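**Student:** This is the structure I have questions about; it appears just below.
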Amino acid sequence: MGLPAVLGVNFHLTPGYTVIGIVLGGVYALAAVGLVLIYRVSGVLNFAHGAVAMFATFTAYEVSTVKGAPGWIGAIVAIAVGAALGFAIEYFTIRPLHGRPALVKVVVTIGWLLVLQTAAGLIWGATAYHQPVRLVSRDGFRLVGTDVTVGYDQLTTVIVALIFALAVAALLRYTTLGNAMRAVADNPDTARLWGISVNRVTAASWMVGSAMAAVAGVLITPLIAFDTFSLTVVVIYAFTAALIGRLSSLPMTVVGGFLLGLAQTYPRMFSSLSGTADAVTFALVLLTLGVLFRPGGRKVRVV
Amino acid sequence: MSARARRVGLLVVAVIAIAWPAILSDYSRSLATDGLISGLIVLSLVLLTGFVGQISFCQYSFAAVGAFTVGSLVAAHHWSFWLAMPLGVFGAAVVGALVGIPALRLSGLFLTILTVAVALFFDRFILASGTWDAFSGGLSSFVVGRPSFLGVHLDTSYRFYLFVLGTFSLCSLGVWNFRRGKTGRVLRAIRDAEVAASTLGINLTAWKLAAFATSAALAGLAGALLAVSIGSVSTGGYDLVHSLGVAAVATVMGVNSVASAAAGGLFLVFGPEILRHLGVSSQWFNLITGALLIVQLIVTPDGMVTDFQHKLGHLLRHRAARKAPVPATELDVRDDVPVRTGVRS
């Protein structure tokens with residue numbers, strides 16, 4: 001008997017798990033890019049990111065799955081709700097805290113997490129099973145030369161995630177708003193001297209970031225058992241990916257997202273424990289915090 | 001507040017705390033007991049956040065360490081509660097120190113991510129059904145009986161309430177003493193100016209780790225008491241949302257004041273109960289807590305209990321001043337008034 005058989009590892013499953021990991025990773029990358037955008041521009045670690053994604057996703061669920069509208073209409077509604085929530089959080093609760101310690105603003109987002117999570121539980125049922133929001137059919141195609149089937153929904157998820165990540169990169173690089181965002185991220189005071197409305201740019205970053213969270217939420221529904229809590233904790237996965245990108249580099253954040261997606265998926269080949277994904281996440285958080293954020297390491301803007 | 005007003009106030013509170021539950025129903029008494037146990041967890045946050053300026057969103061994970069140690073040793077291995085409890089508290093302190101190690105090199109912001117990750121790790125891995133079965137040997141929950149204390153069996157709800165009240169008071173007194181003595185000055189120095197504190201020869205590493213370990217030990221003690229109070233230990237009730245909720249309540253009440261521990265604990269237990277009486281689902285409680293947290297951070301940064309103490313103190317001082325003017329020097333040396341800081345980064 002070979003070693004894999006002894007361990008109970010089914011290596012012939014590897015390609016299939018790779019596909020799942022990449023798809024999950026795409027979603028994490030998307031959510032994490034939104035998180036980093038908000039953090040860089042406003043200096044706030046947004047713990048409500050997952051809750052915003054969750055709430056927006058459930059409105060899409062309401063529109064598409066319950067009321068029967070096409071999936072893409074649900075997705076557009078989710079984007080609008082996500083952006084609106086992002087704006088509301090920034091405008092009504094972060095802006096009045098100008099000049100207060102960064103930690104206070106973080107605690108405010110925890111308050112939003114509790115509010116959104118509970119509200120969604122009251123509206124849609126906290127532990128009930130929910131049908132996913134489907135953007136495309138469940139069919140799939142066989143990957144050339146293998147026996148791995150890739151679902152069209154999985155393919156759509158990765159493509160949409162990459163398109164949105166690239167769109168944000170383009171926004172930051174080629175548009176006036178993007179330039180303003182980068183200026184505010186580097187130094188709000190200097191940006192103000194250049195005539196940039198820091199408030200408006202910050203609000204815009206919250207709206208764009210939260211809309212990305214909403215898209216990530218909608219895309220992840222066919223992949224996980226989706227309820228109010230499982231989507232809310234996606235914020236921790238997004239944070240993990242963002243930490244791998246040192247909360248500053250968007251390309252590294254995307255890499256971090258895919259890394260996390262694969263790292264969460266592979267152990268499932270030899271562990272049936274339900275929390276394995278979270279154990280791996282925890283290990284990655286420890287590792288990145290220990291290695292990338294060590295004293296004397298490269299300077300990280302801590303606000 | 002003047003020392004005399006404080007003493008009279010404490011005496012009144014003590015009499016009410018001892019006498020009132022005697023005439024309550026068994027059910028209300030057990031709620032009051034659970035309120036004080038939750039108060040211990042709020043107290044652990046007062047110590048950590050209010051005194052040292054570190055934040056933690058995983059206090060219920062520490063409580064779980066205490067609860068499960070007591071549960072498994074008492075139920076499965078027939079240990080005495082009095083041997084199992086210290087071990088549970090010690091275990092929680094060790095886990096707390098382990099979480100504190102990364103905290104030494106991280107700013108407060110990144111610590112929040114770490115503690116949420118710890119809570120999630122406990123919630124979804126250690127306490128998840130698969131892992132839990134491997135640990136408990138398939139028992140769905142541990143059944144824990146009430147212990148005896150100095151020959152008195154704590155079987156009635158009033159006796160157990162008094163025991164918990166005594167424990168809570170001792171811990172509060174301990175934390176309050178920390179704050180007034182040399183320890184308090186050291187911790188405040190670390191919170192307000194880390195670099196300055198270290199140039200004074202304060203060993204930051206040791207103090208921060210000690211603060212984390214003590215805070216986790218308090219939460220672990222609460223977990224051990226919770227195991228006995230409920231009578232069984234199972235995986236529910238130590239999750240991330242509970243940890244976030246208790247952190248929210250501690251912040252709403254004010255992490256600078258020992259008094260907010262009692263207020264916060266009772267609020268955590270009686271809040272959902274009152275909602276249920278009003279015919280509203282107790283699920284609303286977390287929504288209300290979250291909303292309160294947001295409003296409070298914008299309106300009264302120090303927290304409600306601290307704010308109330310301030311106002312009461314002002315009121316009493318003004319009345320005292322009208323009766324007999326106090327020499328100015330005496331007003332200058334009050335060190336019992338919390339520094340108006342709110343949550344510190």
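Ligands are numbered from 1 in the order shown, residues from 1 within each chain, and chains are lettered A, B, ... in the order they appear in the structure tokens.
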Give me the residues within 8 Å of region 219-227 of chain A as a PDB file with N, CA and C atoms, in the first residue's frame, counting only C-alpha atoms and dropping any in the same chain fewer than 2 places off.

**Tutor:**
```pdb
ATOM      1  N   LEU A  24     -13.298  29.758  -5.520  1.00  0.00           N
ATOM      2  CA  LEU A  24     -13.424  30.396  -4.207  1.00  0.00           C
ATOM      3  C   LEU A  24     -12.438  31.554  -4.083  1.00  0.00           C
ATOM      4  N   VAL A  27     -13.457  34.775  -5.666  1.00  0.00           N
ATOM      5  CA  VAL A  27     -14.429  35.519  -4.867  1.00  0.00           C
ATOM      6  C   VAL A  27     -13.725  36.236  -3.705  1.00  0.00           C
ATOM      7  N   ALA A 126     -32.166  33.072  10.170  1.00  0.00           N
ATOM      8  CA  ALA A 126     -30.730  33.010  10.397  1.00  0.00           C
ATOM      9  C   ALA A 126     -30.126  31.700   9.913  1.00  0.00           C
ATOM     10  N   THR A 127     -30.795  30.600  10.145  1.00  0.00           N
ATOM     11  CA  THR A 127     -30.146  29.320   9.867  1.00  0.00           C
ATOM     12  C   THR A 127     -30.835  28.558   8.737  1.00  0.00           C
ATOM     13  N   ALA A 128     -31.845  29.170   8.150  1.00  0.00           N
ATOM     14  CA  ALA A 128     -32.599  28.465   7.110  1.00  0.00           C
ATOM     15  C   ALA A 128     -31.708  28.189   5.899  1.00  0.00           C
ATOM     16  N   TYR A 129     -32.074  27.171   5.124  1.00  0.00           N
ATOM     17  CA  TYR A 129     -31.363  26.913   3.880  1.00  0.00           C
ATOM     18  C   TYR A 129     -31.903  27.860   2.812  1.00  0.00           C
ATOM     19  N   HIS A 130     -30.985  28.459   2.052  1.00  0.00           N
ATOM     20  CA  HIS A 130     -31.421  29.383   1.020  1.00  0.00           C
ATOM     21  C   HIS A 130     -30.939  28.897  -0.342  1.00  0.00           C
ATOM     22  N   PRO A 132     -29.399  29.299  -3.858  1.00  0.00           N
ATOM     23  CA  PRO A 132     -28.438  30.293  -4.333  1.00  0.00           C
ATOM     24  C   PRO A 132     -29.016  31.172  -5.436  1.00  0.00           C
ATOM     25  N   VAL A 133     -28.344  32.323  -5.633  1.00  0.00           N
ATOM     26  CA  VAL A 133     -28.690  33.205  -6.738  1.00  0.00           C
ATOM     27  C   VAL A 133     -27.927  32.706  -7.958  1.00  0.00           C
ATOM     28  N   ARG A 134     -28.644  32.316  -9.012  1.00  0.00           N
ATOM     29  CA  ARG A 134     -27.952  31.755 -10.175  1.00  0.00           C
ATOM     30  C   ARG A 134     -27.882  32.781 -11.285  1.00  0.00           C
ATOM     31  N   ASP A 153     -21.246  28.154 -14.046  1.00  0.00           N
ATOM     32  CA  ASP A 153     -21.331  29.125 -12.954  1.00  0.00           C
ATOM     33  C   ASP A 153     -19.954  29.360 -12.331  1.00  0.00           C
ATOM     34  N   THR A 157     -18.003  32.888 -12.329  1.00  0.00           N
ATOM     35  CA  THR A 157     -17.527  33.478 -11.084  1.00  0.00           C
ATOM     36  C   THR A 157     -16.101  33.999 -11.240  1.00  0.00           C
ATOM     37  N   VAL A 215     -20.887  42.055  -5.119  1.00  0.00           N
ATOM     38  CA  VAL A 215     -20.677  41.148  -6.257  1.00  0.00           C
ATOM     39  C   VAL A 215     -20.090  39.828  -5.763  1.00  0.00           C
ATOM     40  N   ALA A 216     -19.086  39.927  -4.890  1.00  0.00           N
ATOM     41  CA  ALA A 216     -18.462  38.715  -4.349  1.00  0.00           C
ATOM     42  C   ALA A 216     -19.504  37.860  -3.651  1.00  0.00           C
ATOM     43  N   GLY A 217     -20.385  38.499  -2.890  1.00  0.00           N
ATOM     44  CA  GLY A 217     -21.421  37.767  -2.168  1.00  0.00           C
ATOM     45  C   GLY A 217     -22.337  37.008  -3.110  1.00  0.00           C
ATOM     46  N   PHE A 229     -24.800  34.018   8.416  1.00  0.00           N
ATOM     47  CA  PHE A 229     -23.516  34.008   9.116  1.00  0.00           C
ATOM     48  C   PHE A 229     -22.366  33.643   8.181  1.00  0.00           C
ATOM     49  N   SER A 230     -22.585  32.629   7.329  1.00  0.00           N
ATOM     50  CA  SER A 230     -21.471  32.163   6.494  1.00  0.00           C
ATOM     51  C   SER A 230     -20.998  33.267   5.551  1.00  0.00           C
ATOM     52  N   LEU A 231     -21.896  34.163   5.131  1.00  0.00           N
ATOM     53  CA  LEU A 231     -21.457  35.255   4.268  1.00  0.00           C
ATOM     54  C   LEU A 231     -20.793  36.364   5.077  1.00  0.00           C
TER      55      LEU A 231
END
```

**Student:** Taking only C-alpha atoms into account, what are the residues of chain B at most 9 Å from chain A, put as number ranges by chain?

**Tutor:** B: 55, 102, 105-110, 112-114, 116-118, 120-131, 241, 244-245, 247-248, 251, 281, 283-295, 297-298, 301, 342-345

**Student:** Just list as a ChimeraX atom specification whatever in region 3-211 of chain A DSSP marks as helix (DSSP H, G or I).

**Tutor:** /A:3-7,11-42,49-66,71-97,102-124,152-174,176-186,188-193,198-211

**Student:** For the residues in the current selection, export C-alpha atoms as a compact mmCIF listing (two decimals), in the first residue's frame.

**Tutor:**
```txt
# COMPACT_ATOMS: atom_id res chain seq x y z
CA LEU A 3 1.44 6.29 1.41
CA PRO A 4 -1.52 8.18 -0.12
CA ALA A 5 -3.76 5.18 0.43
CA VAL A 6 -2.66 4.93 4.06
CA LEU A 7 -3.46 8.59 4.65
CA PHE A 11 -4.98 12.49 -5.14
CA HIS A 12 -7.02 11.78 -8.24
CA LEU A 13 -9.41 14.42 -6.86
CA THR A 14 -6.73 17.10 -7.01
CA PRO A 15 -7.76 18.68 -10.35
CA GLY A 16 -11.37 18.95 -9.25
CA TYR A 17 -10.41 20.54 -5.97
CA THR A 18 -8.08 22.91 -7.79
CA VAL A 19 -11.03 24.21 -9.80
CA ILE A 20 -13.09 24.72 -6.64
CA GLY A 21 -10.17 26.43 -4.92
CA ILE A 22 -9.58 28.82 -7.81
CA VAL A 23 -13.25 29.75 -7.97
CA LEU A 24 -13.42 30.40 -4.21
CA GLY A 25 -10.14 32.29 -4.45
CA GLY A 26 -11.56 34.56 -7.15
CA VAL A 27 -14.43 35.52 -4.87
CA TYR A 28 -12.10 36.13 -1.90
CA ALA A 29 -9.81 38.21 -4.09
CA LEU A 30 -12.74 40.36 -5.21
CA ALA A 31 -13.98 40.94 -1.66
CA ALA A 32 -10.42 41.62 -0.47
CA VAL A 33 -9.74 44.21 -3.18
CA GLY A 34 -12.82 46.13 -2.01
CA LEU A 35 -11.60 45.88 1.57
CA VAL A 36 -8.12 47.15 0.71
CA LEU A 37 -9.58 50.01 -1.33
CA ILE A 38 -11.65 51.17 1.67
CA TYR A 39 -8.73 50.72 4.05
CA ARG A 40 -6.24 52.58 1.90
CA VAL A 41 -8.45 55.58 1.24
CA SER A 42 -10.19 55.96 4.61
CA HIS A 49 -17.54 44.25 4.74
CA GLY A 50 -18.85 40.69 4.91
CA ALA A 51 -22.11 41.81 6.48
CA VAL A 52 -22.62 44.36 3.68
CA ALA A 53 -21.94 41.61 1.14
CA MET A 54 -24.37 39.36 2.97
CA PHE A 55 -27.16 41.92 3.14
CA ALA A 56 -26.77 42.93 -0.51
CA THR A 57 -26.67 39.27 -1.55
CA PHE A 58 -29.87 38.55 0.31
CA THR A 59 -31.64 41.37 -1.52
CA ALA A 60 -30.50 39.69 -4.76
CA TYR A 61 -31.83 36.42 -3.36
CA GLU A 62 -35.14 38.13 -2.61
CA VAL A 63 -35.37 39.60 -6.13
CA SER A 64 -34.09 36.63 -8.13
CA THR A 65 -34.69 33.43 -6.22
CA VAL A 66 -37.87 34.37 -4.36
CA GLY A 71 -30.10 36.50 -11.93
CA TRP A 72 -28.42 39.54 -13.48
CA ILE A 73 -31.19 41.85 -12.26
CA GLY A 74 -30.63 40.47 -8.77
CA ALA A 75 -26.91 41.12 -9.14
CA ILE A 76 -27.55 44.74 -10.18
CA VAL A 77 -29.88 45.24 -7.22
CA ALA A 78 -27.21 43.77 -4.94
CA ILE A 79 -24.58 46.15 -6.33
CA ALA A 80 -26.90 49.12 -5.74
CA VAL A 81 -27.71 47.99 -2.19
CA GLY A 82 -24.05 47.32 -1.43
CA ALA A 83 -23.00 50.76 -2.66
CA ALA A 84 -25.84 52.40 -0.73
CA LEU A 85 -24.85 50.60 2.48
CA GLY A 86 -21.21 51.55 1.97
CA PHE A 87 -22.21 55.17 1.51
CA ALA A 88 -24.50 55.10 4.57
CA ILE A 89 -21.78 53.62 6.80
CA GLU A 90 -19.23 56.19 5.69
CA TYR A 91 -21.50 59.23 5.60
CA PHE A 92 -23.50 58.72 8.79
CA THR A 93 -21.10 56.90 11.10
CA ILE A 94 -17.49 57.17 9.95
CA ARG A 95 -17.40 60.81 8.89
CA PRO A 96 -18.65 62.15 12.26
CA LEU A 97 -15.71 60.34 13.89
CA ALA A 102 -8.69 54.46 14.10
CA LEU A 103 -9.75 51.76 16.54
CA VAL A 104 -12.98 53.61 17.33
CA LYS A 105 -13.93 53.53 13.66
CA VAL A 106 -13.18 49.80 13.58
CA VAL A 107 -15.50 49.24 16.52
CA VAL A 108 -18.23 51.19 14.69
CA THR A 109 -17.99 48.74 11.80
CA ILE A 110 -18.41 45.92 14.33
CA GLY A 111 -21.65 47.64 15.35
CA TRP A 112 -22.77 47.60 11.71
CA LEU A 113 -21.84 43.93 11.48
CA LEU A 114 -24.15 43.15 14.41
CA VAL A 115 -26.96 45.33 13.02
CA LEU A 116 -26.86 43.96 9.46
CA GLN A 117 -26.35 40.35 10.54
CA THR A 118 -29.28 40.47 12.97
CA ALA A 119 -31.53 42.38 10.59
CA ALA A 120 -30.92 39.84 7.84
CA GLY A 121 -31.57 37.01 10.29
CA LEU A 122 -34.90 38.60 11.23
CA ILE A 123 -35.92 39.13 7.61
CA TRP A 124 -34.67 35.95 5.93
CA TYR A 152 -20.49 27.45 -16.26
CA ASP A 153 -21.33 29.12 -12.95
CA GLN A 154 -17.80 28.43 -11.70
CA LEU A 155 -16.30 29.83 -14.89
CA THR A 156 -18.55 32.90 -14.69
CA THR A 157 -17.53 33.48 -11.08
CA VAL A 158 -13.81 33.55 -11.90
CA ILE A 159 -14.27 35.69 -15.02
CA VAL A 160 -16.57 38.21 -13.33
CA ALA A 161 -14.25 38.39 -10.30
CA LEU A 162 -11.23 39.05 -12.53
CA ILE A 163 -13.13 41.62 -14.63
CA PHE A 164 -14.13 43.55 -11.53
CA ALA A 165 -10.63 43.40 -10.04
CA LEU A 166 -9.17 44.67 -13.33
CA ALA A 167 -11.86 47.35 -13.55
CA VAL A 168 -10.86 48.67 -10.13
CA ALA A 169 -7.20 48.62 -11.14
CA ALA A 170 -8.13 50.61 -14.26
CA LEU A 171 -10.27 52.98 -12.23
CA LEU A 172 -7.39 53.70 -9.89
CA ARG A 173 -4.88 54.12 -12.70
CA TYR A 174 -6.68 55.90 -15.51
CA THR A 176 -9.59 61.30 -12.22
CA LEU A 177 -11.50 59.69 -9.37
CA GLY A 178 -8.90 56.93 -9.18
CA ASN A 179 -6.09 59.44 -9.08
CA ALA A 180 -7.90 61.32 -6.34
CA MET A 181 -8.34 58.07 -4.39
CA ARG A 182 -4.65 57.29 -4.64
CA ALA A 183 -3.80 60.82 -3.59
CA VAL A 184 -6.05 60.61 -0.52
CA ALA A 185 -4.63 57.19 0.34
CA ASP A 186 -1.11 58.61 0.28
CA PRO A 188 -5.26 63.30 2.79
CA ASP A 189 -3.88 66.70 3.77
CA THR A 190 -1.82 67.12 0.63
CA ALA A 191 -4.74 65.84 -1.43
CA ARG A 192 -6.94 68.53 0.11
CA LEU A 193 -4.39 71.20 -0.85
CA VAL A 198 -11.44 64.18 0.60
CA ASN A 199 -14.94 63.50 1.93
CA ARG A 200 -16.35 62.79 -1.50
CA VAL A 201 -13.44 60.58 -2.52
CA THR A 202 -13.68 58.63 0.74
CA ALA A 203 -17.41 58.10 0.27
CA ALA A 204 -16.76 56.97 -3.31
CA SER A 205 -14.19 54.43 -2.12
CA TRP A 206 -16.68 53.02 0.38
CA MET A 207 -19.31 52.75 -2.34
CA VAL A 208 -17.01 51.06 -4.84
CA GLY A 209 -15.52 48.75 -2.19
CA SER A 210 -18.90 47.74 -0.83
CA ALA A 211 -20.29 47.17 -4.32
```

**Student:** Check the smallest atom-to-atom distance from each of B:Ser243, B:Ser44, B:Ser234, B:Thr183 to Thr69 (chain B) using only C-alpha atoms, then report the winner.

**Tutor:**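 Comparing B:Ser243, B:Ser44, B:Ser234, B:Thr183 against Thr69 (chain B), the winner is B:Ser234.
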
**Student:** Please return as a VMD selection string: the residues of region 65-246 of chain A that backbone DSSP assigns to strand (DSSP E or B).

**Tutor:** chain A and resid 140 to 142 149 to 151

**Student:** Figure out the distance between CA of Gly264 (chain B) and CA of Gly39 (chain B), please, to one decimal in Å.

**Tutor:**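 So the answer is 6.1 Å.
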
**Student:** Would you list the contacts of Val233 (chain B) as a ChimeraX atom specification, taking every protein, DNA or RNA residue within 10 Å and counting only C-alpha atoms, but skipping same-chain residues closer than 5 positions in sequence?

**Tutor:** /B:64,67-72,75,140-144,223-224,226-228

**Student:** Got a sec: who's within 9 Å of Leu268 (chain B), counting only C-alpha atoms, leaving out chain neighbours fewer than 2 positions off, as a PyMOL selection string?

**Tutor:** chain B and resi 35+38-39+245-246+249+263-266+270-272+285

**Student:** Include C-alpha atoms and write out the residues we just selected as a PDB file, in the first residue's frame.

**Tutor:**
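And here's result23.pdb as it stands now:
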```
ATOM      1  CA  GLY B  35     -25.907  38.349  34.357  1.00  0.00           C
ATOM      2  CA  SER B  38     -21.510  37.771  31.812  1.00  0.00           C
ATOM      3  CA  GLY B  39     -20.408  40.715  33.927  1.00  0.00           C
ATOM      4  CA  GLY B 245     -21.788  41.223  21.364  1.00  0.00           C
ATOM      5  CA  VAL B 246     -19.970  41.337  24.679  1.00  0.00           C
ATOM      6  CA  VAL B 249     -21.820  45.983  25.293  1.00  0.00           C
ATOM      7  CA  ALA B 263     -24.270  46.992  34.260  1.00  0.00           C
ATOM      8  CA  GLY B 264     -23.073  45.351  31.039  1.00  0.00           C
ATOM      9  CA  GLY B 265     -23.519  41.807  32.331  1.00  0.00           C
ATOM     10  CA  LEU B 266     -27.057  42.436  33.547  1.00  0.00           C
ATOM     11  CA  PHE B 270     -31.974  40.930  30.951  1.00  0.00           C
ATOM     12  CA  GLY B 271     -32.065  42.806  27.619  1.00  0.00           C
ATOM     13  CA  PRO B 272     -33.253  39.797  25.565  1.00  0.00           C
ATOM     14  CA  PHE B 285     -31.233  42.318  20.979  1.00  0.00           C
TER      15      PHE B 285
END
```

**Student:** Identify, on the basis of only C-alpha atoms, every residue whose closest approach to Val42 (chain B) does not exceed 12 Å; exclude the query and any residue fewer than 6 positions from it along the same chain; express the result as a VMD selection string.

**Tutor:** chain B and resid 35 to 36 48 to 50 56 to 60 63 168 171 to 172 175 215 to 216 218 to 219 222 242 to 268

**Student:** Distance CA of Leu150 (chain B)-CA of Phe163 (chain B), one decimal place?

**Tutor:**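 Result for CA of Leu150 (chain B) versus CA of Phe163 (chain B): 10.9 Å, one decimal.
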